[in-house]
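A quick write-up on the structure given underneath.
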Amino acid sequence: MPDDFLIARNPEEGSALPYLVRVPLGPRGVVLKTKDTWPGATKLYCHRADGWPDDPDIVQALPVRSVSKRGAAIDLVLERGRQGRSQFVVTWARGREMIFWQSRQTAKQARPNVALPTARAHGVTLDIVVDSGEKYAWKFSHQQASIDKRRLPIGDYAVFDNEQLIAVVERKSVADLTSSLMNGKLNYAFAGMAQEFRAAVVVEAPYSAVFKHEHARGATVAEAVAEAQVRFPSVPIVFCDNRQLAQEWTYRWLGAALHEHRQRAATDVVVDALPAGPAASPKQIREWAVMRGLDVSPKGRIPKVVREAWDARNG
């Protein structure tokens with residue numbers, strides 16, 4: 001279990017950001033200054049703090065269900081029903097770093113339910129590499145994309161950032177999906193795709209077609225699909241209604257994957273450099289270890305396995 005999410009009063013006199021928050025990410029947490037104790041209808045601006053005070057005036061200590069870094073964002077889920085999910089987003093505006101704390105309510109208001117332009121994948125003309133061995137390949141003639149045919153190390157369609165493979169899609173018909181699952185061939189492909197930044201299998205048919213296969217029992221195929229998804233959760237199997245929609249989904253997904261990778265490359269160093277809280281004392285580590293049933297003596301050197309568990313407690 002990660003540490004609690006802590007909210008304390010900012011001891012800095014006259015500050016326009018009267019609160020400190022300590023996000024339990026990494027061994028010492030991330031410390032930020034902010035305007036309020038939770039984002040409401042609008043997102044809250046945050047700023048790097050000099051550090052966590054030695055004797056903090058704690059306003060709230062909230063149990064954490066999960067905390068994780070995802071590209072330019074830190075996702076936080078608390079152990080409470082209402083106001084349990086929020087996100088810290090690092091961005092750049094007017095040439096300087098800006099950090100915003102937003103909740104699901106904030107994001108919903110910021111993204112109204114309107115029709116959005118769909119001409120390009122994340123605003124760029126996508127360069128899609130098609131495997132040279134792909135028969136009856138998608139042409140992406142209705143999308144803004146350029147096509148390059150060459151041999152791919154894995155999959156049928158891919159995007160690269162410079163020479164680095166970022167995302168790959170394996171295209172399947174229901175018949176091909178069924179046979180490759182039954183003979184185990186697809187499992188080897190899954191193992192390879194799982195090593196990439198993003199990978200997916202796209203089927204040119206709805207899920208209902210699994211139960212209408214002429215040469216295999218529907219339940220058997222459905223079981224094989226489920227087993228593959230449990231074994232390789234990072235490689236989704238996506239069922240689209242037809243060839244056209246499968247092609248459109250692939251185009252959008254490849255664009256999103258490339259955008260996410262580039263965003264991470266630009267902001268990971270910023271998130272990693274956010275100010276950390278104070279180092280723990282041996283007494284704190286011992287008390288934490290005892291509460292979790294770890295074997296540690298009341299005096300002397302703390303075992304390496306206990307220190308490793310302590311450092312790993314917040315992801």
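Residue numbers start at 1 in each chain; chains themselves are named A, B, ... in the order of the structure tokens; ligands are numbered from 1 in the order shown.
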
Using only C-alpha atoms, which protein or nucleic acid residues come within 8 Å of A:Lys33? Drop anything in the same chain fewer than 5 positions from it, and give the result as a CSV table (one decimal) with all heavy atoms, in the first residue's frame.
chain,number,residue,atom,x,y,z
A,10,ASN,N,0.6,25.6,4.1
A,10,ASN,CA,1.9,26.1,3.6
A,10,ASN,C,2.5,27.1,4.7
A,10,ASN,O,1.9,28.1,5.0
A,10,ASN,CB,1.7,26.8,2.3
A,10,ASN,CG,3.1,27.3,1.7
A,10,ASN,OD1,4.1,27.0,2.2
A,10,ASN,ND2,3.0,27.9,0.5
A,17,LEU,N,-0.6,30.5,-2.5
A,17,LEU,CA,-0.9,29.1,-2.5
A,17,LEU,C,-0.7,28.6,-1.1
A,17,LEU,O,0.3,28.2,-0.7
A,17,LEU,CB,0.1,28.3,-3.5
A,17,LEU,CG,0.1,28.9,-4.9
A,17,LEU,CD1,1.2,28.2,-5.7
A,17,LEU,CD2,-1.2,28.7,-5.6
A,18,PRO,N,-1.8,28.6,-0.3
A,18,PRO,CA,-1.8,28.4,1.1
A,18,PRO,C,-1.6,26.9,1.6
A,18,PRO,O,-1.5,26.7,2.8
A,18,PRO,CB,-3.1,29.0,1.6
A,18,PRO,CG,-4.0,28.8,0.4
A,18,PRO,CD,-3.2,29.0,-0.8
A,19,TYR,N,-1.6,26.0,0.6
A,19,TYR,CA,-1.6,24.6,1.0
A,19,TYR,C,-0.4,23.8,0.3
A,19,TYR,O,0.1,24.2,-0.8
A,19,TYR,CB,-2.9,23.8,0.6
A,19,TYR,CG,-4.1,24.4,1.4
A,19,TYR,CD1,-4.9,25.3,0.8
A,19,TYR,CD2,-4.4,23.9,2.7
A,19,TYR,CE1,-6.0,25.8,1.4
A,19,TYR,CE2,-5.5,24.4,3.3
A,19,TYR,CZ,-6.3,25.3,2.7
A,19,TYR,OH,-7.4,25.8,3.4
A,20,LEU,N,0.1,22.8,1.0
A,20,LEU,CA,1.1,21.9,0.5
A,20,LEU,C,0.4,20.5,0.3
A,20,LEU,O,-0.4,20.1,1.2
A,20,LEU,CB,2.3,21.8,1.4
A,20,LEU,CG,3.2,23.0,1.6
A,20,LEU,CD1,4.3,22.6,2.6
A,20,LEU,CD2,3.8,23.5,0.3
A,21,VAL,N,0.7,19.8,-0.8
A,21,VAL,CA,0.3,18.5,-0.9
A,21,VAL,C,1.5,17.6,-1.1
A,21,VAL,O,2.5,18.0,-1.8
A,21,VAL,CB,-0.7,18.3,-2.1
A,21,VAL,CG1,-2.0,19.0,-1.8
A,21,VAL,CG2,-0.1,18.7,-3.4
A,46,CYS,N,-0.7,24.6,-9.5
A,46,CYS,CA,0.3,24.1,-8.5
A,46,CYS,C,1.7,24.7,-8.8
A,46,CYS,O,1.9,25.0,-10.0
A,46,CYS,CB,0.3,22.6,-8.4
A,46,CYS,SG,-1.2,21.8,-8.0
A,47,HIS,N,2.5,24.7,-7.8
A,47,HIS,CA,3.9,25.2,-8.0
A,47,HIS,C,4.8,24.3,-7.2
A,47,HIS,O,4.4,23.7,-6.2
A,47,HIS,CB,4.0,26.6,-7.6
A,47,HIS,CG,5.3,27.3,-8.1
A,47,HIS,ND1,5.4,27.7,-9.4
A,47,HIS,CD2,6.4,27.6,-7.4
A,47,HIS,CE1,6.6,28.2,-9.5
A,47,HIS,NE2,7.2,28.2,-8.4
A,48,ARG,N,6.0,24.1,-7.7
A,48,ARG,CA,7.0,23.4,-7.0
A,48,ARG,C,7.2,24.0,-5.6
A,48,ARG,O,7.3,25.2,-5.4
A,48,ARG,CB,8.4,23.4,-7.7
A,48,ARG,CG,8.4,22.6,-9.0
A,48,ARG,CD,9.7,22.9,-9.8
A,48,ARG,NE,9.7,22.2,-11.1
A,48,ARG,CZ,10.5,21.1,-11.3
A,48,ARG,NH1,11.2,20.7,-10.3
A,48,ARG,NH2,10.5,20.5,-12.4
A,49,ALA,N,7.3,23.1,-4.6
A,49,ALA,CA,7.6,23.5,-3.3
A,49,ALA,C,9.1,23.3,-3.0
A,49,ALA,O,9.7,22.5,-3.6
A,49,ALA,CB,6.7,22.8,-2.2

Contact check, stretch 132-199 of chain A to stretch 226-241 of chain A, at most 7 Å, counting only C-alpha atoms, closest pairs as a Markdown table:
| residue | atom | partner | partner_atom | distance |
| --- | --- | --- | --- | --- |
| A:Phe190 | CA | A:Phe232 | CA | 6.8 |
| A:Ala194 | CA | A:Val235 | CA | 6.2 |
| A:Ala199 | CA | A:Val235 | CA | 5.3 |

For the residues in that selection, give me all heavy atoms as a tab-separated table (two decimals), in the first residue's frame.
chain	number	residue	atom	x	y	z
A	190	PHE	N	1.98	-12.30	-29.64
A	190	PHE	CA	1.64	-11.51	-28.45
A	190	PHE	C	2.89	-11.24	-27.61
A	190	PHE	O	3.11	-10.12	-27.13
A	190	PHE	CB	0.61	-12.24	-27.59
A	190	PHE	CG	-0.81	-11.91	-27.96
A	190	PHE	CD1	-1.67	-12.89	-28.41
A	190	PHE	CD2	-1.30	-10.62	-27.83
A	190	PHE	CE1	-2.99	-12.60	-28.74
A	190	PHE	CE2	-2.61	-10.32	-28.15
A	190	PHE	CZ	-3.45	-11.31	-28.61
A	194	ALA	N	4.20	-7.47	-26.88
A	194	ALA	CA	4.15	-6.97	-25.51
A	194	ALA	C	5.44	-6.24	-25.12
A	194	ALA	O	5.45	-5.50	-24.14
A	194	ALA	CB	3.88	-8.12	-24.53
A	199	ALA	N	0.99	-1.92	-28.50
A	199	ALA	CA	0.67	-2.93	-29.51
A	199	ALA	C	-0.78	-3.34	-29.36
A	199	ALA	O	-1.34	-3.28	-28.26
A	199	ALA	CB	1.59	-4.14	-29.38

Item to check | Selection: 8 Å around A:Lys43, only C-alpha atoms, excl. self and same-chain fewer than 5 positions, as a VMD selection string | outcome: chain A and resid 100 to 103 106

Next, write the just-selected residues to a file, as an mmCIF file, in the first residue's frame, keeping N, CA and C atoms as the atom set.
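New file result_6.cif:
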data_model
loop_
_atom_site.group_PDB
_atom_site.id
_atom_site.type_symbol
_atom_site.label_atom_id
_atom_site.label_comp_id
_atom_site.auth_asym_id
_atom_site.auth_seq_id
_atom_site.Cartn_x
_atom_site.Cartn_y
_atom_site.Cartn_z
ATOM 1 N N PHE A 100 -0.998 21.597 -13.117
ATOM 2 C CA PHE A 100 -2.412 21.757 -12.764
ATOM 3 C C PHE A 100 -2.932 20.488 -12.099
ATOM 4 N N TRP A 101 -3.770 20.684 -11.097
ATOM 5 C CA TRP A 101 -4.408 19.574 -10.380
ATOM 6 C C TRP A 101 -5.881 19.585 -10.768
ATOM 7 N N GLN A 102 -6.344 18.494 -11.375
ATOM 8 C CA GLN A 102 -7.723 18.449 -11.838
ATOM 9 C C GLN A 102 -8.405 17.160 -11.413
ATOM 10 N N SER A 103 -9.726 17.237 -11.296
ATOM 11 C CA SER A 103 -10.533 16.081 -10.939
ATOM 12 C C SER A 103 -11.322 15.626 -12.157
ATOM 13 N N THR A 106 -13.619 18.376 -13.244
ATOM 14 C CA THR A 106 -12.931 19.409 -14.006
ATOM 15 C C THR A 106 -12.742 18.987 -15.441
#

As a CSV table (one decimal) with C-alpha atoms, in the first residue's frame, please: every residue in stretch 4-251 of chain A that a backbone DSSP assignment puts in strand (DSSP E or B).
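Resulting contents of part.csv:
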chain,number,residue,atom,x,y,z
A,5,PHE,CA,-1.9,11.6,0.4
A,6,LEU,CA,-1.1,14.5,2.7
A,7,ILE,CA,-2.5,18.0,2.7
A,8,ALA,CA,-0.8,20.6,5.0
A,9,ARG,CA,-0.8,24.3,5.5
A,19,TYR,CA,-1.6,24.6,1.0
A,20,LEU,CA,1.1,21.9,0.5
A,21,VAL,CA,0.3,18.5,-0.9
A,22,ARG,CA,2.6,15.4,-0.7
A,23,VAL,CA,1.8,12.9,-3.5
A,30,VAL,CA,6.3,14.7,-4.6
A,31,VAL,CA,5.7,18.0,-2.8
A,32,LEU,CA,3.7,20.8,-4.4
A,33,LYS,CA,2.1,24.1,-3.4
A,34,THR,CA,-1.5,24.7,-4.3
A,44,LEU,CA,-6.0,24.2,-9.4
A,45,TYR,CA,-2.7,25.7,-10.3
A,46,CYS,CA,0.3,24.1,-8.5
A,47,HIS,CA,3.9,25.2,-8.0
A,48,ARG,CA,7.0,23.4,-7.0
A,58,ILE,CA,-1.6,18.5,8.5
A,59,VAL,CA,-5.1,19.4,7.3
A,60,GLN,CA,-5.9,15.9,5.8
A,61,ALA,CA,-4.3,12.5,5.6
A,62,LEU,CA,-6.1,10.5,2.9
A,64,VAL,CA,-4.4,6.0,-1.3
A,65,ARG,CA,-5.7,3.2,-3.4
A,66,SER,CA,-3.2,3.8,-6.3
A,67,VAL,CA,-0.8,6.4,-7.6
A,68,SER,CA,1.0,6.2,-10.9
A,69,LYS,CA,2.9,8.3,-13.4
A,70,ARG,CA,1.6,8.3,-17.0
A,73,ALA,CA,0.5,13.2,-15.6
A,74,ILE,CA,0.3,11.7,-12.1
A,75,ASP,CA,-2.9,9.7,-11.6
A,76,LEU,CA,-4.1,9.6,-8.0
A,77,VAL,CA,-7.0,7.4,-6.7
A,78,LEU,CA,-8.0,7.8,-3.0
A,85,ARG,CA,-9.9,10.5,-8.4
A,86,SER,CA,-7.7,13.3,-9.5
A,87,GLN,CA,-4.7,14.0,-11.7
A,88,PHE,CA,-1.7,16.3,-11.6
A,89,VAL,CA,-0.7,17.4,-15.2
A,90,VAL,CA,2.7,19.0,-16.1
A,91,THR,CA,2.6,21.2,-19.1
A,92,TRP,CA,4.3,24.2,-20.6
A,93,ALA,CA,2.7,27.6,-21.4
A,96,ARG,CA,7.4,28.2,-18.5
A,97,GLU,CA,6.5,25.1,-16.6
A,98,MET,CA,2.9,24.9,-15.3
A,99,ILE,CA,1.3,22.2,-13.1
A,100,PHE,CA,-2.4,21.8,-12.8
A,101,TRP,CA,-4.4,19.6,-10.4
A,102,GLN,CA,-7.7,18.4,-11.8
A,103,SER,CA,-10.5,16.1,-10.9
A,121,ALA,CA,-4.6,11.9,-35.9
A,124,VAL,CA,-0.3,15.4,-37.8
A,126,LEU,CA,0.7,10.1,-39.9
A,127,ASP,CA,3.5,8.2,-41.5
A,128,ILE,CA,2.4,4.6,-41.3
A,129,VAL,CA,4.7,1.7,-42.2
A,130,VAL,CA,2.9,-1.3,-43.7
A,131,ASP,CA,4.6,-4.7,-43.6
A,145,ALA,CA,-1.5,9.5,-43.8
A,146,SER,CA,1.5,8.6,-45.9
A,147,ILE,CA,2.3,4.9,-46.5
A,148,ASP,CA,5.7,3.2,-46.6
A,149,LYS,CA,6.0,-0.5,-47.3
A,150,ARG,CA,8.8,-2.4,-45.8
A,157,TYR,CA,1.0,-1.7,-39.4
A,158,ALA,CA,3.3,0.5,-37.3
A,159,VAL,CA,4.5,4.0,-36.6
A,160,PHE,CA,8.1,5.0,-35.8
A,161,ASP,CA,9.7,8.0,-34.1
A,164,GLN,CA,12.4,3.7,-33.0
A,165,LEU,CA,9.3,1.4,-33.3
A,166,ILE,CA,6.6,3.0,-31.2
A,167,ALA,CA,3.3,1.2,-31.9
A,168,VAL,CA,2.3,-1.8,-33.9
A,169,VAL,CA,-1.0,-3.4,-35.0
A,170,GLU,CA,-1.7,-7.0,-36.1
A,171,ARG,CA,-4.7,-7.2,-38.4
A,172,LYS,CA,-6.9,-10.3,-38.3
A,198,ARG,CA,2.2,0.0,-27.6
A,199,ALA,CA,0.7,-2.9,-29.5
A,200,ALA,CA,-2.8,-4.2,-30.4
A,201,VAL,CA,-4.6,-6.8,-32.4
A,202,VAL,CA,-7.5,-5.5,-34.6
A,203,VAL,CA,-10.2,-7.8,-35.9
A,237,ILE,CA,-7.8,-7.5,-29.0
A,238,VAL,CA,-10.1,-4.9,-30.5
A,239,PHE,CA,-13.2,-6.1,-32.5

Next on the checklist: At a cut-off of 10 Å, using only C-alpha atoms, what residues contact A:Gly26? Leave out same-chain residues fewer than 5 positions from it and give the result as a PyMOL selection string.
Outcome noted: chain A and resi 2-3+67-69+272+276-277+310-315

Next on the checklist: Could you list, as a PyMOL selection string, every residue within 8 Å of stretch 211-220 of chain A, counting only C-alpha atoms and ignoring same-chain residues fewer than 6 positions away?
Outcome noted: chain A and resi 174-175+178

Item to check | A:Met1, A:Leu274, A:Ile285, A:Val225 ranked by distance to A:Lys304, top pick (using only C-alpha atoms) | outcome: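 Residue with the minimum atom-to-atom distance to A:Lys304: A:Ile285.
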
Checklist entry - Interatomic distance between atom CA of A:Pro153 and atom CA of A:Thr250? => result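 These atoms are spaced 18.2 Å apart.
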
Checklist entry - With distances taken over only C-alpha atoms, which of A:Pro298, A:Pro206, A:Gly81, A:Gly40 is nearest to A:Leu245? => result A:Pro206

Checklist entry - Any idea what the distance is between atom CA of A:Tyr136 and atom CA of A:Phe197? => result 26.4 Å

Checklist entry - Which parts of stretch 84-263 of chain A does DSSP call helix (DSSP H, G or I) when run on the backbone here, written out as a ChimeraX atom specification? => result /A:104-110,174-182,185-193,207-212,218-231,243-263

Checklist entry - When you draw a straight line from atom CA of A:Val221 to atom CA of A:Ser179, how long is it in Å? => result 9.2 Å

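Nearest-residue note for A:Met193: choosing from A:Ala265, A:Leu181, A:Val210, A:Leu152, the minimum distance belongs to A:Leu152, counting only C-alpha atoms.
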
Can you tell me which residues surround A:Glu287 at a distance of at most 12 Å, considering only C-alpha atoms, apart from same-chain residues fewer than 4 positions away, and format the answer as a JSON list (two decimals) with N, CA, C and O atoms, in the first residue's frame?
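The result, stored in part.json:
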[["chain", "number", "residue", "atom", "x", "y", "z"],
["A", 280, "ALA", "N", 13.17, 9.32, 5.12],
["A", 280, "ALA", "CA", 12.62, 8.72, 6.33],
["A", 280, "ALA", "C", 13.73, 8.37, 7.32],
["A", 280, "ALA", "O", 14.84, 8.03, 6.92],
["A", 281, "SER", "N", 13.39, 8.42, 8.58],
["A", 281, "SER", "CA", 14.34, 8.01, 9.62],
["A", 281, "SER", "C", 14.27, 6.50, 9.79],
["A", 281, "SER", "O", 13.27, 5.86, 9.44],
["A", 282, "PRO", "N", 15.32, 5.87, 10.34],
["A", 282, "PRO", "CA", 15.27, 4.43, 10.61],
["A", 282, "PRO", "C", 14.07, 4.05, 11.48],
["A", 282, "PRO", "O", 13.48, 2.98, 11.29],
["A", 283, "LYS", "N", 13.69, 4.92, 12.41],
["A", 283, "LYS", "CA", 12.55, 4.63, 13.27],
["A", 283, "LYS", "C", 11.26, 4.53, 12.45],
["A", 283, "LYS", "O", 10.45, 3.61, 12.68],
["A", 291, "MET", "N", 4.30, -2.83, 11.08],
["A", 291, "MET", "CA", 2.87, -2.78, 10.77],
["A", 291, "MET", "C", 2.51, -3.72, 9.63],
["A", 291, "MET", "O", 1.38, -4.19, 9.53],
["A", 292, "ARG", "N", 3.49, -4.01, 8.77],
["A", 292, "ARG", "CA", 3.22, -4.88, 7.62],
["A", 292, "ARG", "C", 3.78, -6.29, 7.80],
["A", 292, "ARG", "O", 3.84, -7.08, 6.86],
["A", 293, "GLY", "N", 4.18, -6.60, 9.01],
["A", 293, "GLY", "CA", 4.61, -7.95, 9.33],
["A", 293, "GLY", "C", 5.97, -8.32, 8.79],
["A", 293, "GLY", "O", 6.30, -9.51, 8.68],
["A", 294, "LEU", "N", 6.81, -7.33, 8.47],
["A", 294, "LEU", "CA", 8.16, -7.62, 7.98],
["A", 294, "LEU", "C", 9.10, -7.82, 9.16],
["A", 294, "LEU", "O", 8.97, -7.18, 10.21],
["A", 295, "ASP", "N", 10.06, -8.69, 8.99],
["A", 295, "ASP", "CA", 11.00, -9.03, 10.05],
["A", 295, "ASP", "C", 12.09, -7.98, 10.14],
["A", 295, "ASP", "O", 12.93, -7.84, 9.24],
["A", 296, "VAL", "N", 12.10, -7.20, 11.22],
["A", 296, "VAL", "CA", 13.11, -6.17, 11.42],
["A", 296, "VAL", "C", 13.39, -6.04, 12.92],
["A", 296, "VAL", "O", 12.48, -6.07, 13.75],
["A", 297, "SER", "N", 14.66, -5.93, 13.26],
["A", 297, "SER", "CA", 15.05, -5.83, 14.67],
["A", 297, "SER", "C", 14.86, -4.40, 15.16],
["A", 297, "SER", "O", 14.90, -3.45, 14.37],
["A", 298, "PRO", "N", 14.64, -4.21, 16.47],
["A", 298, "PRO", "CA", 14.42, -2.86, 17.00],
["A", 298, "PRO", "C", 15.67, -1.98, 16.95],
["A", 298, "PRO", "O", 15.57, -0.77, 17.06],
["A", 299, "LYS", "N", 16.84, -2.60, 16.80],
["A", 299, "LYS", "CA", 18.09, -1.83, 16.75],
["A", 299, "LYS", "C", 18.98, -2.42, 15.65],
["A", 299, "LYS", "O", 18.73, -3.50, 15.15],
["A", 302, "ILE", "N", 19.09, -1.89, 9.29],
["A", 302, "ILE", "CA", 17.83, -2.33, 8.68],
["A", 302, "ILE", "C", 18.15, -3.24, 7.50],
["A", 302, "ILE", "O", 18.95, -2.88, 6.63],
["A", 306, "VAL", "N", 14.03, -5.02, 3.62],
["A", 306, "VAL", "CA", 13.07, -4.08, 4.22],
["A", 306, "VAL", "C", 13.20, -2.71, 3.56],
["A", 306, "VAL", "O", 12.19, -2.07, 3.23],
["A", 310, "TRP", "N", 10.42, -0.66, 1.45],
["A", 310, "TRP", "CA", 10.07, 0.72, 1.78],
["A", 310, "TRP", "C", 10.16, 1.61, 0.55],
["A", 310, "TRP", "O", 9.25, 2.38, 0.25]]

Checklist outcome for this item: If you count only C-alpha atoms, the residue of A:Glu308, A:Pro275, A:Arg151, A:Ala224 closest to A:Pro24 turns out to be A:Pro275

Next on the checklist: Show me, as a PyMOL selection string, the residues that have an atom within 8 Å of A:Phe140 when counting only C-alpha atoms, minus same-chain residues fewer than 2 positions from it.
Outcome noted: chain A and resi 138+142-145+247-248+251
